[in-house]
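Encoded as structure tokens, the structure appears first; notes follow it.
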Amino acid sequence: MEHIRQAATKDVSRIAEILVFTKRMNYRRIFHNDKVSFGEIQVYPLAQDLLEHPEKLRKIWVYDDEFVKGMIHVDGERIQELYVDFFFENQGIGGKLLDFACQKGGRYLWVLEKNESAIRFYERHHFRLTGEKQPEEGTEEYIVKMEFNISLYHG
């Protein structure tokens with residue numbers, strides 16, 4: 001885990017950039033809402049919020065290999081967010097961040113039901129669908145719960 005460390009204020013712009021652009025890449029095809037994708041979701045306000053509330057960084061961990069390439073937000077047993085910069089996907093960074101989160105006590109997450117590639121990713125990393133499902137607030141989409149299956153984990 002040599003590249004994973006707790007987020008710091010110096011990381012705020014990269015975290016915001018990764019969150020905004022990865023959400024656009026992954027969710028625009030699901031939500032089809034450019035007003036949200038390009039109007040409401042913006043790098044500067046997100047970075048500003050993190051700078052004004054640095055306590056939020058205590059629950060965020062970054063993968064830093066010369067610069068921040070990915071991030072994971074863990075709140076107790078819940079994995080809130082996991083994003084890897086588009087340019088560094090498929091290099092094992094997401095898996096390393098997820099393994100790290102599970103070692104820190106992360107046990108479950110919610111994922112968009114239509115985000116099939118994310119569901120397959122989590123299944124490859126020892127998570128399973130629980131059958132629980134709920135509406136994603138403010139949308140017509142659903143999120144599904146996945147739990148870490150420790151009996152499948154060998155790391």
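In the structure tokens, each chain is lettered A, B, ... as it comes, each chain's residues begin at 1, and ligands are numbered from 1 in order of appearance.
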
Problem - Exercise: Val74 of chain A partners within 12 Å, only C-alpha atoms, chain neighbours under 2 positions left out, as a ChimeraX atom specification - result: /A:6-7,56-62,71-72,76-82,97-109

Problem - DSSP strand (DSSP E or B) selection over segment 5-153 of chain A, as a VMD selection string - result: chain A and resid 5 to 6 60 to 64 68 to 75 78 to 84 108 to 112 127 to 135 142 to 148

Kindly save the residues from that selection, with C-alpha atoms included, as a PDB file, in the first residue's frame.
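Listing of selection.pdb after writing:
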```pdb
ATOM      1  CA  ARG A   5      -2.257   7.857   1.970  1.00  0.00           C
ATOM      2  CA  GLN A   6      -4.786  10.058   3.683  1.00  0.00           C
ATOM      3  CA  ILE A  60     -10.703  10.292   1.948  1.00  0.00           C
ATOM      4  CA  TRP A  61      -7.637   8.316   0.912  1.00  0.00           C
ATOM      5  CA  VAL A  62      -5.700   8.897  -2.288  1.00  0.00           C
ATOM      6  CA  TYR A  63      -3.536   6.793  -4.541  1.00  0.00           C
ATOM      7  CA  ASP A  64      -0.489   8.987  -5.055  1.00  0.00           C
ATOM      8  CA  VAL A  68      -2.986  11.724  -7.231  1.00  0.00           C
ATOM      9  CA  LYS A  69      -4.442   9.177  -9.661  1.00  0.00           C
ATOM     10  CA  GLY A  70      -7.434   7.941  -7.664  1.00  0.00           C
ATOM     11  CA  MET A  71      -9.386   8.388  -4.461  1.00  0.00           C
ATOM     12  CA  ILE A  72     -11.649   6.476  -2.097  1.00  0.00           C
ATOM     13  CA  HIS A  73     -14.004   7.868   0.533  1.00  0.00           C
ATOM     14  CA  VAL A  74     -14.641   5.524   3.449  1.00  0.00           C
ATOM     15  CA  ASP A  75     -17.091   6.413   6.215  1.00  0.00           C
ATOM     16  CA  ARG A  78     -19.547   2.285   4.109  1.00  0.00           C
ATOM     17  CA  ILE A  79     -17.443   2.917   1.047  1.00  0.00           C
ATOM     18  CA  GLN A  80     -18.960   6.170  -0.196  1.00  0.00           C
ATOM     19  CA  GLU A  81     -16.970   6.830  -3.347  1.00  0.00           C
ATOM     20  CA  LEU A  82     -14.226   5.236  -5.407  1.00  0.00           C
ATOM     21  CA  TYR A  83     -12.914   7.046  -8.466  1.00  0.00           C
ATOM     22  CA  VAL A  84      -9.797   6.664 -10.573  1.00  0.00           C
ATOM     23  CA  TYR A 108     -20.509  -2.281   1.906  1.00  0.00           C
ATOM     24  CA  LEU A 109     -21.304   0.253  -0.788  1.00  0.00           C
ATOM     25  CA  TRP A 110     -24.148   1.413  -2.985  1.00  0.00           C
ATOM     26  CA  VAL A 111     -23.772   1.542  -6.762  1.00  0.00           C
ATOM     27  CA  LEU A 112     -26.058   2.665  -9.562  1.00  0.00           C
ATOM     28  CA  PHE A 127     -18.328  -7.868  -3.275  1.00  0.00           C
ATOM     29  CA  ARG A 128     -21.734  -9.375  -3.896  1.00  0.00           C
ATOM     30  CA  LEU A 129     -25.148  -7.913  -4.554  1.00  0.00           C
ATOM     31  CA  THR A 130     -27.386  -8.155  -1.495  1.00  0.00           C
ATOM     32  CA  GLY A 131     -30.711  -7.744  -3.287  1.00  0.00           C
ATOM     33  CA  GLU A 132     -31.313  -4.415  -1.532  1.00  0.00           C
ATOM     34  CA  LYS A 133     -32.252  -1.558  -3.823  1.00  0.00           C
ATOM     35  CA  GLN A 134     -33.454   2.000  -3.315  1.00  0.00           C
ATOM     36  CA  PRO A 135     -34.124   5.089  -5.421  1.00  0.00           C
ATOM     37  CA  TYR A 142     -31.935   3.041  -8.484  1.00  0.00           C
ATOM     38  CA  ILE A 143     -28.880   2.155  -6.454  1.00  0.00           C
ATOM     39  CA  VAL A 144     -28.141  -1.387  -5.301  1.00  0.00           C
ATOM     40  CA  LYS A 145     -26.252  -2.478  -2.220  1.00  0.00           C
ATOM     41  CA  MET A 146     -23.144  -4.630  -2.406  1.00  0.00           C
ATOM     42  CA  GLU A 147     -21.377  -6.217   0.550  1.00  0.00           C
ATOM     43  CA  PHE A 148     -17.812  -7.375   0.945  1.00  0.00           C
TER      44      PHE A 148
END
```

Residues near Val20 of chain A, anyone? I mean within 8 Å using only C-alpha atoms, not counting same-chain ones fewer than 2 positions away, as an mmCIF file with N, CA and C atoms, in the first residue's frame.
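Generated file (out_0.cif):
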```
data_model
loop_
_atom_site.group_PDB
_atom_site.id
_atom_site.type_symbol
_atom_site.label_atom_id
_atom_site.label_comp_id
_atom_site.auth_asym_id
_atom_site.auth_seq_id
_atom_site.Cartn_x
_atom_site.Cartn_y
_atom_site.Cartn_z
ATOM 1 N N ALA A 16 -11.070 16.932 -6.651
ATOM 2 C CA ALA A 16 -12.242 17.532 -7.298
ATOM 3 C C ALA A 16 -12.246 17.242 -8.792
ATOM 4 N N GLU A 17 -11.095 17.351 -9.417
ATOM 5 C CA GLU A 17 -10.990 17.085 -10.853
ATOM 6 C C GLU A 17 -11.366 15.637 -11.161
ATOM 7 N N ILE A 18 -10.812 14.704 -10.407
ATOM 8 C CA ILE A 18 -11.113 13.286 -10.616
ATOM 9 C C ILE A 18 -12.599 13.023 -10.416
ATOM 10 N N THR A 22 -14.710 12.031 -13.780
ATOM 11 C CA THR A 22 -15.081 10.614 -13.775
ATOM 12 C C THR A 22 -16.586 10.453 -13.666
ATOM 13 N N LYS A 23 -17.235 11.286 -12.860
ATOM 14 C CA LYS A 23 -18.696 11.225 -12.780
ATOM 15 C C LYS A 23 -19.319 11.551 -14.132
ATOM 16 N N ARG A 24 -18.777 12.548 -14.820
ATOM 17 C CA ARG A 24 -19.308 12.874 -16.150
ATOM 18 C C ARG A 24 -19.155 11.694 -17.099
ATOM 19 N N ILE A 41 -22.302 20.101 -11.568
ATOM 20 C CA ILE A 41 -21.080 19.423 -11.134
ATOM 21 C C ILE A 41 -19.896 20.197 -11.713
ATOM 22 N N GLN A 42 -19.186 20.918 -10.839
ATOM 23 C CA GLN A 42 -18.072 21.757 -11.264
ATOM 24 C C GLN A 42 -16.879 21.546 -10.337
ATOM 25 N N VAL A 43 -15.687 21.653 -10.873
ATOM 26 C CA VAL A 43 -14.458 21.421 -10.109
ATOM 27 C C VAL A 43 -14.270 22.466 -9.013
#
```

Problem - Top pick for closest residue to Ala47 of chain A, considering A:Lys96, A:Arg120, A:His126, A:Lys10 and counting only C-alpha atoms - result: A:Lys10

Completion exercise
Of A:Pro54, A:Gly138, A:Gly39, A:Gly95, the one sitting nearest Thr9 of chain A when using only C-alpha atoms is A:Pro54

Exercise for the section: Would you please extract all alpha helix (DSSP H) residues from segment 22-59 of chain A, as assigned by DSSP on the backbone, and give them as a list in words? Expected result: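 Residues meeting the alpha helix (DSSP H) criterion: Thr22, Lys23, Arg24, Met25, Asn26, Tyr27, Arg28, Arg29, Ile30, Phe31, Asp34, Val43, Tyr44, Pro45, Leu46, Ala47, Gln48, Asp49, Leu50, Leu51 and Glu52 of chain A.
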
Problem - Residue contacts of Phe31 of chain A (10 Å, only C-alpha atoms) excluding same-chain residues fewer than 5 positions away, as JSON, numbers by chain - result: {"A": [24, 26, 36, 37, 114, 139, 140, 141]}

Same residues, all heavy atoms, output as a short mmCIF file (atom, residue, chain, number, x, y, z; two decimals), in the first residue's frame:
```cif
data_model
loop_
_atom_site.label_atom_id
_atom_site.label_comp_id
_atom_site.auth_asym_id
_atom_site.auth_seq_id
_atom_site.Cartn_x
_atom_site.Cartn_y
_atom_site.Cartn_z
N ARG A 24 -18.78 12.55 -14.82
CA ARG A 24 -19.31 12.87 -16.15
C ARG A 24 -19.15 11.69 -17.10
O ARG A 24 -20.08 11.34 -17.83
CB ARG A 24 -18.59 14.09 -16.72
CG ARG A 24 -19.01 15.38 -16.11
CD ARG A 24 -18.25 16.55 -16.70
NE ARG A 24 -18.63 17.79 -16.02
CZ ARG A 24 -17.89 18.88 -16.01
NH1 ARG A 24 -16.72 18.89 -16.65
NH2 ARG A 24 -18.30 19.95 -15.38
N ASN A 26 -18.84 8.49 -16.43
CA ASN A 26 -19.58 7.29 -16.07
C ASN A 26 -21.09 7.48 -15.98
O ASN A 26 -21.84 6.53 -16.19
CB ASN A 26 -19.07 6.75 -14.73
CG ASN A 26 -17.67 6.22 -14.85
OD1 ASN A 26 -17.29 5.63 -15.85
ND2 ASN A 26 -16.87 6.42 -13.82
N VAL A 36 -27.00 18.89 -15.14
CA VAL A 36 -26.30 18.45 -13.93
C VAL A 36 -24.83 18.17 -14.26
O VAL A 36 -23.93 18.64 -13.57
CB VAL A 36 -26.97 17.20 -13.31
CG1 VAL A 36 -26.12 16.62 -12.20
CG2 VAL A 36 -28.35 17.55 -12.78
N SER A 37 -24.59 17.39 -15.32
CA SER A 37 -23.22 16.97 -15.65
C SER A 37 -22.28 18.13 -15.90
O SER A 37 -21.11 18.08 -15.53
CB SER A 37 -23.23 16.07 -16.89
OG SER A 37 -23.82 14.83 -16.58
N LYS A 114 -27.65 0.64 -12.99
CA LYS A 114 -27.32 0.60 -14.42
C LYS A 114 -25.81 0.70 -14.68
O LYS A 114 -25.38 0.61 -15.82
CB LYS A 114 -28.03 1.73 -15.17
CG LYS A 114 -29.52 1.49 -15.30
CD LYS A 114 -30.16 2.60 -16.11
CE LYS A 114 -31.66 2.37 -16.25
NZ LYS A 114 -32.30 3.52 -16.92
N THR A 139 -33.46 11.46 -8.54
CA THR A 139 -33.42 10.89 -9.89
C THR A 139 -34.48 9.80 -10.03
O THR A 139 -35.14 9.45 -9.05
CB THR A 139 -32.05 10.26 -10.21
OG1 THR A 139 -31.94 9.00 -9.53
CG2 THR A 139 -30.90 11.17 -9.80
N GLU A 140 -34.59 9.27 -11.22
CA GLU A 140 -35.49 8.13 -11.45
C GLU A 140 -34.72 6.82 -11.44
O GLU A 140 -35.29 5.76 -11.72
CB GLU A 140 -36.22 8.31 -12.79
CG GLU A 140 -37.15 9.52 -12.78
CD GLU A 140 -37.89 9.70 -14.09
OE1 GLU A 140 -37.85 8.79 -14.93
OE2 GLU A 140 -38.52 10.76 -14.26
N GLU A 141 -33.45 6.88 -11.12
CA GLU A 141 -32.60 5.69 -11.13
C GLU A 141 -32.56 5.03 -9.75
O GLU A 141 -32.94 5.63 -8.76
CB GLU A 141 -31.18 6.06 -11.57
CG GLU A 141 -31.09 6.67 -12.94
CD GLU A 141 -31.59 5.76 -14.05
OE1 GLU A 141 -31.50 4.52 -13.91
OE2 GLU A 141 -32.08 6.29 -15.06
#
```

Problem - One-decimal distance in Å that lies between atom CA of Gly94 of chain A and atom CA of Ile150 of chain A - result: 18.1 Å

Problem - Which residue of A:Ser13, A:Ser151, A:Met25, A:Ile119 approaches Phe38 of chain A most closely, using only C-alpha atoms - result: A:Met25
